[in-house]
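Have a look at the structure below, then the notes.
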Amino acid sequence: MKNDNIKNQYRINEQIRVREVRIVGDGGSTVVPTRQALDMAREQGVDLVEISPNANPPVCRLIDYSKFLYQQKKRAKEMKAKQVKVEVKEIRFGPQTDEHDYQFKLKHAKEFLTDGNKVRAYVFFRGRSILFKEQGEVLLLRFANDLEEYGKVEHMPSLEGKKMFIYLAPKKAGVAKKSQQAMDRERKAAEGKEAKEQETQIDAEIPANGGLLANAKISADALKKLHSSED
């Protein structure tokens, strides 16, 4: 069906009923009467294919129609392959989810967002647990806060029937943006590492200096003995 749509999208040869057309090719473009364009196509053993009917005059190419369709299908396939398919991954919580289960689901959410998928997390309230809807909202807000480096909130927590939803979208190009707290931690760690390296370097230099002083002392003692023997 898709191939038929592409095939029927273009008019060729005698289907083109305008007075003149613009022929485009590697050598540029030229406007000629349609009858002359059809004669040119026959002489070259190709087809006259209308590629831009809304232009004035319509734009055509001299090309084998089968080859032209193959190029169009190939181009459409390549464009489709380049399109990023975004999926919506669901994560379910209970109003009283324990910490171990929470961390397990948080890990999966980070993976989903890093892969470029959206996350729809929700708390399901069963029976009288609807009384804990505030607790469910706090849980979802904590969830969004813990994922701030990986995704952004598209829709704040909202109750729909027995479920409270929150929607998260991945940050640009699936790359987690570091929070200010994370950057501060990395800066402090880098400063600590640099200070430690400096201390190590100083410690390494002390024995070296001590060795030079010791050698100098030994050389002075030897010279003194030499002078004594000469006397």
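Identifiers for the structure tokens are assigned positionally: chains receive A, B, ... in sequence, residues are indexed from 1 per chain, and ligands are indexed from 1 in the order shown.
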
For the interface of range 34-98 of chain A with range 166-170 of chain A (cut-off 12 Å, counting only C-alpha atoms), please tabulate each contacting residue of range 34-98 of chain A alongside its nearest pair of atoms and their separation in Å to one decimal, rows sorted by chain and increasing number, as a tab-separated table.
```
residue	atom	partner	partner_atom	distance
A:Val86	CA	A:Pro170	CA	9.6
A:Glu87	CA	A:Ala169	CA	10.3
A:Val88	CA	A:Ala169	CA	9.0
A:Lys89	CA	A:Leu168	CA	9.8
A:Glu90	CA	A:Tyr167	CA	9.5
A:Ile91	CA	A:Ile166	CA	10.0
A:Arg92	CA	A:Ile166	CA	10.7
A:Phe93	CA	A:Ile166	CA	11.4
```

Write out, as a compact mmCIF listing (two decimals), in the first residue's frame, the residues just selected, with N, CA and C atoms.
```txt
# COMPACT_ATOMS: atom_id res chain seq x y z
N VAL A 86 10.36 7.21 20.35
CA VAL A 86 10.25 7.43 21.79
C VAL A 86 9.12 6.57 22.34
N GLU A 87 9.46 5.72 23.28
CA GLU A 87 8.48 4.87 23.93
C GLU A 87 8.16 5.42 25.31
N VAL A 88 6.99 5.09 25.81
CA VAL A 88 6.58 5.49 27.15
C VAL A 88 6.64 4.26 28.04
N LYS A 89 7.54 4.29 29.00
CA LYS A 89 7.71 3.18 29.92
C LYS A 89 6.93 3.47 31.21
N GLU A 90 6.22 2.47 31.69
CA GLU A 90 5.41 2.64 32.90
C GLU A 90 6.12 2.04 34.12
N ILE A 91 6.00 2.74 35.22
CA ILE A 91 6.52 2.25 36.50
C ILE A 91 5.42 2.42 37.54
N ARG A 92 5.14 1.33 38.23
CA ARG A 92 4.02 1.34 39.18
C ARG A 92 4.52 1.28 40.62
N PHE A 93 3.92 2.08 41.45
CA PHE A 93 4.20 2.09 42.88
C PHE A 93 2.92 1.80 43.66
```

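The coordinates place CA of Asp115 in chain A at 20.1 Å from CA of Met79 in chain A.
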
* Can you list every residue in range 10-159 of chain A that DSSP puts in helix (DSSP H, G or I), as a PyMOL selection string? -> chain A and resi 13-15+34-44+65-82+99-114+127-146

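Here CA of Lys118 in chain A is placed at a distance of 23.6 Å from CA of Lys133 in chain A.
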
* CA of Tyr122 in chain A to CA of Lys163 in chain A: how many Å, to one decimal? -> 6.2 Å

* Residues near Gly25 in chain A, cut-off 10 Å, only C-alpha atoms, skip fewer than 4 positions along chain, as a ChimeraX atom specification -> /A:29-30,60-63

* Asked: Taking into account only C-alpha atoms, which residue in the set A:Gln36, A:Val24, A:Ser158, A:Phe143 is nearest to Glu99 in chain A?
  ->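 Smallest separation from Glu99 in chain A among the options: A:Phe143.
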
* To do: Pick out each residue of range 22-130 of chain A that DSSP on the backbone tags as strand (DSSP E or B); I need them as a PyMOL selection string.
  => chain A and resi 22-25+28-33+47-52+59-63+88-93+118-124

* To do: Write out as a list of chain:residue names each polymer residue whose atoms come within 8 Å of Lys162 in chain A, counting only C-alpha atoms; drop sequence neighbours fewer than 5 positions from it.
  =>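 Everything that qualifies: A:Phe124, A:Phe125, A:Arg126, A:Ile130.
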
Keeping C-alpha atoms for every residue in the selection just given, could you write it to a file as a compact mmCIF listing (two decimals), in the first residue's frame?
```txt
# COMPACT_ATOMS: atom_id res chain seq x y z
CA PHE A 124 -2.12 2.68 42.41
CA PHE A 125 -4.53 3.06 45.31
CA ARG A 126 -6.37 -0.13 46.15
CA ILE A 130 -6.93 6.09 48.61
```
